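One file, run_28.txt, carrying compact mmCIF, C-alpha atoms and all ligand atoms:
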```txt
# COMPACT_ATOMS: atom_id res chain seq x y z
CA MET B 1 29.11 26.10 88.83
CA ARG B 2 29.91 28.88 86.45
CA VAL B 3 27.87 28.42 83.28
CA ILE B 4 28.93 30.48 80.28
CA ILE B 5 26.67 30.38 77.26
CA THR B 6 28.27 31.38 73.99
CA LYS B 7 26.76 31.96 70.57
CA ASP B 8 28.17 28.98 68.74
CA TYR B 9 30.93 26.38 68.55
CA ASP B 10 33.63 28.86 67.54
CA ALA B 11 32.76 31.27 70.32
CA MET B 12 32.77 28.37 72.82
CA SER B 13 36.20 27.28 71.57
CA ARG B 14 37.68 30.78 71.75
CA ARG B 15 36.32 31.37 75.23
CA ALA B 16 37.79 28.06 76.43
CA ALA B 17 41.17 28.87 74.85
CA GLY B 18 41.18 32.13 76.83
CA PHE B 19 41.09 30.16 80.10
CA VAL B 20 43.96 27.91 78.98
CA ARG B 21 46.02 30.87 77.83
CA GLU B 22 45.45 32.77 81.06
CA LEU B 23 46.65 29.74 83.05
CA ILE B 24 49.80 29.20 80.97
CA GLU B 25 50.71 32.89 81.12
CA ARG B 26 50.29 32.88 84.88
CA LYS B 27 51.94 29.47 85.40
CA PRO B 28 54.17 28.40 82.48
CA ASP B 29 54.69 24.92 83.97
CA ALA B 30 50.95 24.33 84.50
CA VAL B 31 49.63 20.78 84.58
CA ILE B 32 46.80 20.53 82.07
CA GLY B 33 44.37 17.66 81.64
CA PHE B 34 43.35 17.20 78.02
CA ALA B 35 40.29 15.54 76.54
CA THR B 36 39.54 13.93 73.20
CA GLY B 37 36.32 13.85 71.17
CA SER B 38 35.11 16.27 68.51
CA THR B 39 34.15 18.98 71.01
CA PRO B 40 37.62 20.27 72.01
CA ILE B 41 39.00 20.30 68.45
CA GLY B 42 38.08 24.00 68.01
CA LEU B 43 39.76 24.83 71.31
CA TYR B 44 42.91 23.01 70.17
CA ARG B 45 42.84 24.87 66.84
CA GLU B 46 42.67 28.15 68.72
CA LEU B 47 45.59 27.15 70.98
CA ILE B 48 47.63 26.25 67.89
CA ARG B 49 46.81 29.68 66.44
CA MET B 50 47.84 31.39 69.69
CA HIS B 51 51.13 29.48 69.60
CA ARG B 52 51.87 30.32 65.95
CA GLU B 53 50.65 33.90 65.82
CA GLU B 54 51.11 35.11 69.37
CA GLY B 55 53.94 32.92 70.65
CA LEU B 56 51.98 31.18 73.40
CA ASP B 57 54.65 28.97 74.94
CA PHE B 58 53.78 25.37 75.82
CA SER B 59 57.36 24.24 76.41
CA LYS B 60 57.02 23.82 80.17
CA ILE B 61 53.47 22.53 80.50
CA VAL B 62 52.82 18.98 81.69
CA THR B 63 49.85 17.15 80.21
CA PHE B 64 47.65 14.26 81.32
CA ASN B 65 44.95 12.87 79.08
CA LEU B 66 41.73 11.52 80.49
CA ASP B 67 41.47 8.21 78.73
CA GLU B 68 42.46 5.73 76.04
CA TYR B 69 40.87 2.68 74.45
CA ILE B 70 42.06 -0.70 75.66
CA GLY B 71 43.82 -2.69 72.97
CA LEU B 72 44.56 0.11 70.49
CA PRO B 73 48.26 0.59 69.85
CA LYS B 74 49.49 4.19 70.10
CA ASP B 75 49.85 4.49 66.32
CA HIS B 76 46.30 3.26 65.55
CA PRO B 77 44.51 6.04 63.61
CA GLU B 78 41.68 6.15 66.18
CA SER B 79 43.80 5.91 69.33
CA TYR B 80 43.63 8.91 71.60
CA HIS B 81 47.43 9.13 71.28
CA THR B 82 47.04 9.73 67.57
CA PHE B 83 44.15 12.13 68.20
CA MET B 84 46.16 14.30 70.61
CA TRP B 85 49.31 14.41 68.49
CA GLU B 86 47.40 15.12 65.26
CA ASN B 87 45.00 17.70 66.70
CA LEU B 88 47.29 19.53 69.10
CA PHE B 89 50.64 18.31 70.32
CA LYS B 90 52.53 18.12 67.04
CA HIS B 91 51.53 21.71 66.23
CA ILE B 92 52.75 23.30 69.47
CA ASN B 93 56.06 23.27 71.34
CA VAL B 94 55.04 20.82 74.07
CA ASN B 95 57.93 18.72 75.42
CA PRO B 96 57.06 15.10 74.47
CA SER B 97 58.47 13.82 77.75
CA ASN B 98 55.90 15.95 79.61
CA VAL B 99 52.98 14.33 77.75
CA HIS B 100 50.99 11.59 79.49
CA ILE B 101 48.29 9.67 77.66
CA PRO B 102 47.11 6.36 79.13
CA ASP B 103 48.55 3.34 77.33
CA GLY B 104 45.80 0.90 76.39
CA THR B 105 48.24 -1.90 75.58
CA VAL B 106 49.97 -2.45 78.92
CA PRO B 107 49.86 -6.03 80.28
CA ASP B 108 49.17 -5.00 83.90
CA VAL B 109 46.44 -2.38 83.66
CA GLU B 110 45.91 -2.13 87.40
CA ALA B 111 49.56 -1.37 88.19
CA TYR B 112 49.65 1.05 85.27
CA CYS B 113 46.59 2.94 86.56
CA GLU B 114 48.22 3.28 89.98
CA TRP B 115 51.35 4.63 88.30
CA TYR B 116 49.25 7.14 86.34
CA GLU B 117 47.66 8.42 89.54
CA GLU B 118 51.05 8.71 91.24
CA ARG B 119 52.46 10.56 88.28
CA ILE B 120 49.66 13.17 88.49
CA LYS B 121 50.46 13.62 92.19
CA LYS B 122 54.20 13.89 91.48
CA PHE B 123 53.55 16.95 89.34
CA GLY B 124 51.42 18.52 92.07
CA GLY B 125 48.01 17.63 90.63
CA ILE B 126 46.13 18.95 87.62
CA ASP B 127 45.67 22.72 87.46
CA LEU B 128 43.03 22.70 84.74
CA GLN B 129 41.11 19.71 83.43
CA ILE B 130 39.41 20.08 80.06
CA LEU B 131 36.33 17.90 79.69
CA GLY B 132 33.74 17.03 77.09
CA ILE B 133 30.53 15.25 77.98
CA GLY B 134 28.94 12.13 76.57
CA ARG B 135 25.27 12.03 75.61
CA ASP B 136 24.78 9.81 78.66
CA GLY B 137 26.49 12.33 80.95
CA HIS B 138 29.87 10.60 81.04
CA ILE B 139 33.12 12.45 81.64
CA GLY B 140 36.33 10.78 80.49
CA PHE B 141 34.97 7.28 80.00
CA ASN B 142 33.17 7.25 83.37
CA GLU B 143 29.87 5.85 82.23
CA PRO B 144 26.59 6.09 84.20
CA GLY B 145 26.91 4.04 87.38
CA SER B 146 30.61 4.87 87.80
CA SER B 147 31.54 5.43 91.43
CA LEU B 148 31.70 9.15 92.07
CA GLY B 149 34.88 8.46 94.04
CA SER B 150 36.50 6.28 91.36
CA ARG B 151 40.18 6.46 90.43
CA THR B 152 41.99 5.71 87.17
CA ARG B 153 40.90 2.24 86.07
CA ILE B 154 39.46 0.13 83.30
CA LYS B 155 35.81 0.75 82.31
CA THR B 156 33.43 -1.02 79.96
CA LEU B 157 31.78 1.43 77.58
CA ALA B 158 28.04 2.01 77.53
CA LYS B 159 25.94 1.23 74.47
CA GLU B 160 25.31 4.95 73.71
CA THR B 161 29.06 5.58 73.75
CA LEU B 162 29.78 2.65 71.44
CA GLU B 163 27.08 3.95 69.07
CA ASP B 164 28.39 7.53 69.21
CA ASN B 165 31.98 6.48 68.61
CA ALA B 166 31.22 3.99 65.82
CA ARG B 167 31.54 6.92 63.39
CA PHE B 168 35.29 6.88 63.99
CA PHE B 169 35.48 3.16 63.21
CA GLY B 170 33.88 3.11 59.77
CA GLY B 171 30.39 3.21 61.31
CA ASP B 172 30.84 -0.34 62.62
CA ILE B 173 29.93 -0.58 66.30
CA ASN B 174 31.69 -3.95 66.50
CA LYS B 175 35.02 -2.30 65.69
CA VAL B 176 34.79 0.14 68.65
CA PRO B 177 36.91 -1.15 71.55
CA LYS B 178 34.57 -2.18 74.36
CA GLN B 179 36.79 -1.01 77.19
CA ALA B 180 38.99 1.93 78.07
CA ILE B 181 41.39 3.18 80.69
CA THR B 182 39.97 6.35 82.19
CA MET B 183 40.83 8.72 84.99
CA GLY B 184 38.18 8.18 87.65
CA VAL B 185 35.51 10.67 88.68
CA GLY B 186 37.43 11.15 91.94
CA THR B 187 40.66 11.77 90.00
CA ILE B 188 38.96 14.37 87.80
CA MET B 189 37.39 16.10 90.81
CA GLU B 190 40.85 16.69 92.31
CA ALA B 191 41.81 19.00 89.44
CA LYS B 192 41.93 22.60 90.68
CA VAL B 193 39.70 23.86 87.87
CA LEU B 194 37.30 21.90 85.64
CA LEU B 195 36.47 23.29 82.22
CA LEU B 196 33.70 21.37 80.49
CA LEU B 197 32.75 22.18 76.91
CA ALA B 198 29.50 21.13 75.26
CA SER B 199 28.15 21.99 71.86
CA GLY B 200 25.02 21.07 69.93
CA LYS B 201 21.46 19.91 70.63
CA LYS B 202 22.43 16.33 71.25
CA LYS B 203 24.26 17.38 74.43
CA ALA B 204 21.41 19.54 75.76
CA GLU B 205 19.79 16.82 77.86
CA ALA B 206 23.07 15.75 79.48
CA VAL B 207 23.94 19.42 80.16
CA LYS B 208 20.56 20.02 81.80
CA LYS B 209 20.99 17.00 84.07
CA THR B 210 24.56 18.04 84.90
CA VAL B 211 23.68 21.61 85.85
CA GLU B 212 20.11 21.46 87.14
CA GLY B 213 19.58 17.82 88.03
CA PRO B 214 20.43 15.92 91.19
CA ILE B 215 23.97 14.70 91.80
CA THR B 216 23.92 11.07 90.78
CA ALA B 217 26.29 8.37 89.57
CA MET B 218 23.80 7.88 86.72
CA VAL B 219 25.00 11.26 85.36
CA PRO B 220 28.68 11.29 86.32
CA ALA B 221 29.17 14.92 85.18
CA SER B 222 26.62 16.04 87.83
CA ILE B 223 29.35 15.58 90.48
CA MET B 224 30.79 18.84 89.15
CA GLN B 225 28.14 20.59 91.25
CA LEU B 226 30.37 19.78 94.24
CA HIS B 227 33.53 21.20 92.67
CA PRO B 228 34.59 24.66 93.92
CA LYS B 229 35.79 25.78 90.47
CA ALA B 230 33.78 24.11 87.74
CA ILE B 231 33.22 26.11 84.57
CA LEU B 232 30.89 24.99 81.80
CA ILE B 233 31.23 26.66 78.43
CA LEU B 234 28.24 25.88 76.24
CA ASP B 235 26.93 26.98 72.91
CA GLN B 236 23.31 28.04 72.66
CA GLU B 237 22.11 24.64 71.46
CA ALA B 238 23.78 22.73 74.28
CA ALA B 239 22.29 25.24 76.73
CA SER B 240 18.83 25.14 75.16
CA LEU B 241 17.16 22.99 77.84
CA LEU B 242 18.48 24.92 80.84
CA GLU B 243 15.65 26.53 82.76
CA ARG B 244 17.45 29.12 84.84
CA GLU B 245 19.36 32.09 83.47
CA TYR B 246 23.15 31.92 83.33
CA GLU B 247 26.01 34.20 82.46
CA TYR B 248 25.87 35.07 78.80
CA ASP B 249 29.11 35.62 76.97
CA SER B 250 28.81 39.23 75.90
CA THR B 251 32.09 39.10 73.99
CA VAL B 252 30.53 37.28 71.02
C1 LIG Z 301 34.29 10.25 74.28
C2 LIG Z 301 35.40 10.68 75.26
C3 LIG Z 301 34.97 11.82 76.15
C4 LIG Z 301 34.23 12.84 75.30
C5 LIG Z 301 32.94 12.27 74.78
C6 LIG Z 301 32.18 13.21 73.86
O1 LIG Z 301 33.75 9.02 74.50
N1 LIG Z 301 35.92 9.62 76.07
O2 LIG Z 301 36.08 12.37 76.80
O3 LIG Z 301 33.93 13.97 76.07
O4 LIG Z 301 33.11 11.02 74.19
O5 LIG Z 301 32.71 13.23 72.58
P1 LIG Z 301 32.31 14.33 71.50
O6 LIG Z 301 33.01 15.58 71.94
O7 LIG Z 301 32.88 13.82 70.21
O8 LIG Z 301 30.85 14.46 71.51
```
What is this structure when it is put down as structure tokens?
Ligand code: GLP
Amino acid sequence: MRVIITKDYDAMSRRAAGFVRELIERKPDAVIGFATGSTPIGLYRELIRMHREEGLDFSKIVTFNLDEYIGLPKDHPESYHTFMWENLFKHINVNPSNVHIPDGTVPDVEAYCEWYEERIKKFGGIDLQILGIGRDGHIGFNEPGSSLGSRTRIKTLAKETLEDNARFFGGDINKVPKQAITMGVGTIMEAKVLLLLASGKKKAEAVKKTVEGPITAMVPASIMQLHPKAILILDQEAASLLEREYEYDSTV
């Protein structure tokens, strides 16, 4: 794993945007996996800036999002559809027909998940998958105990995740949907490059287990140790419990 430690959230976001930019410049029709959560918002802001000020062209990219809550209509303010359009897609020149975000309202979830997997394959697989990490080490919504070979499917959310996400639902844990559609750990691992971002002290424990702990389904992100091109971009706080020395971002 390549571990890049940056000074702070902004430096982490800029460094991550550099990887996305490099990919799009090299491959304008790149397939990019996007993530939600507060962590990638700075990265998305930087991509919007690159589009507006430097003409970074998103018109040919194809996107696949990791996950979506079950039961939330697309236009719900806390759906991941709304999140992606508000925080990124509506500000760049992405082609809406190239955007894929799981639909949490479909009647036949199983058939839909199979379709989602096939769709990823149809576009030749994901070139770069952006990831955040949950406090419990989840990626996408693959909670501890998820099969490390899992595919896109429905998952029940862990208590920590419900607690963490309650802030988006008026602080009421009972309003957080209990289930989600998520790409599986196996699906994520097939992306050619993984780019995981983590910021802040509350992620430090999960980051330590991911990078220096054993590979275990109890910390789904730890499977990244087996990926040939996994990059972690951390800020100093998220990296604070790491014991070994890692590449330090000298550009900040
Ligand atoms: C959510 C998402 C994940 C995200 C994680 C961390 O539950 N499903 O994709 O990485 O939680 O979110 P945050 O970046 O807000 O800490």
- Message: Taking all atoms listed in the file into account, list the residues no farther than 6 Å from ligand LIG 301 (chain Z), as a ChimeraX atom specification.
- Response: /B:35-39,131-134,139-141,161
- Find the distance between CA of Leu43 (chain B) and CA of Ile4 (chain B) and write it in Å to one decimal.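 These two atoms are separated by 15.2 Å.
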- So how far away is CA of Leu47 (chain B) from CA of Ile181 (chain B), in Å?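 One can read the CA of Ile181 (chain B) to CA of Leu47 (chain B) distance as 26.2 Å.
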- Query: Do you know which residues are at most 12 Å from Lys175 (chain B) counting all atoms listed in the file, after dropping those on the same chain fewer than 3 positions away, and could you put them as a ChimeraX atom specification?
  - Reply: /B:69,71-72,78,162-163,165-172,178-179
- Test item: residues at most 10 Å from region 14-22 of chain B, all atoms listed in the file, excluding those fewer than 5 positions along its chain, as a VMD selection string: chain B and resid 4 to 6 9 27 to 28 30 32 40 42 to 48 50 to 51 56 to 58 128 to 130 195 to 197 231 to 234 249 251 to 252
- Message: With all atoms listed in the file as the counted atoms, please give the residues lying no more than 7 Å from region 207-216 of chain B, apart from itself and same-chain residues fewer than 6 positions off, as a ChimeraX atom specification.
- Response: /B:222-223,238-239,241-242
Where atoms are missing, can you supply N, CA and C atoms for region 220-238 of chain B and output the lot as an mmCIF file, in the frame of the given file?
```cif
data_model
loop_
_atom_site.group_PDB
_atom_site.id
_atom_site.type_symbol
_atom_site.label_atom_id
_atom_site.label_comp_id
_atom_site.auth_asym_id
_atom_site.auth_seq_id
_atom_site.Cartn_x
_atom_site.Cartn_y
_atom_site.Cartn_z
ATOM 1 N N PRO B 220 27.419 11.006 85.624
ATOM 2 C CA PRO B 220 28.680 11.290 86.320
ATOM 3 C C PRO B 220 29.082 12.774 86.311
ATOM 4 N N ALA B 221 28.776 13.504 85.235
ATOM 5 C CA ALA B 221 29.170 14.920 85.180
ATOM 6 C C ALA B 221 28.468 15.753 86.263
ATOM 7 N N SER B 222 27.351 15.256 86.818
ATOM 8 C CA SER B 222 26.620 16.040 87.830
ATOM 9 C C SER B 222 27.445 16.242 89.096
ATOM 10 N N ILE B 223 28.482 15.422 89.306
ATOM 11 C CA ILE B 223 29.350 15.580 90.480
ATOM 12 C C ILE B 223 30.052 16.940 90.445
ATOM 13 N N MET B 224 30.125 17.530 89.267
ATOM 14 C CA MET B 224 30.790 18.840 89.150
ATOM 15 C C MET B 224 30.099 19.898 90.010
ATOM 16 N N GLN B 225 28.847 19.647 90.361
ATOM 17 C CA GLN B 225 28.140 20.590 91.250
ATOM 18 C C GLN B 225 28.864 20.733 92.596
ATOM 19 N N LEU B 226 29.653 19.724 92.957
ATOM 20 C CA LEU B 226 30.370 19.780 94.240
ATOM 21 C C LEU B 226 31.767 20.388 94.102
ATOM 22 N N HIS B 227 32.167 20.693 92.872
ATOM 23 C CA HIS B 227 33.530 21.200 92.670
ATOM 24 C C HIS B 227 33.559 22.713 92.902
ATOM 25 N N PRO B 228 34.571 23.206 93.650
ATOM 26 C CA PRO B 228 34.590 24.660 93.920
ATOM 27 C C PRO B 228 34.857 25.516 92.685
ATOM 28 N N LYS B 229 35.509 24.970 91.666
ATOM 29 C CA LYS B 229 35.790 25.780 90.470
ATOM 30 C C LYS B 229 35.467 25.002 89.201
ATOM 31 N N ALA B 230 34.203 24.814 88.958
ATOM 32 C CA ALA B 230 33.780 24.110 87.740
ATOM 33 C C ALA B 230 33.175 25.131 86.792
ATOM 34 N N ILE B 231 33.703 25.158 85.582
ATOM 35 C CA ILE B 231 33.220 26.110 84.570
ATOM 36 C C ILE B 231 32.667 25.306 83.401
ATOM 37 N N LEU B 232 31.466 25.636 82.991
ATOM 38 C CA LEU B 232 30.890 24.990 81.800
ATOM 39 C C LEU B 232 30.802 26.026 80.709
ATOM 40 N N ILE B 233 31.365 25.741 79.558
ATOM 41 C CA ILE B 233 31.230 26.660 78.430
ATOM 42 C C ILE B 233 30.373 25.945 77.387
ATOM 43 N N LEU B 234 29.229 26.528 77.110
ATOM 44 C CA LEU B 234 28.240 25.880 76.240
ATOM 45 C C LEU B 234 27.977 26.753 75.026
ATOM 46 N N ASP B 235 27.502 26.138 73.956
ATOM 47 C CA ASP B 235 26.930 26.980 72.910
ATOM 48 C C ASP B 235 25.414 27.018 73.142
ATOM 49 N N GLN B 236 24.738 27.837 72.373
ATOM 50 C CA GLN B 236 23.310 28.040 72.660
ATOM 51 C C GLN B 236 22.508 26.745 72.561
ATOM 52 N N GLU B 237 22.877 25.889 71.611
ATOM 53 C CA GLU B 237 22.110 24.640 71.460
ATOM 54 C C GLU B 237 22.296 23.717 72.654
ATOM 55 N N ALA B 238 23.528 23.606 73.121
ATOM 56 C CA ALA B 238 23.780 22.730 74.280
ATOM 57 C C ALA B 238 23.101 23.278 75.525
#
```
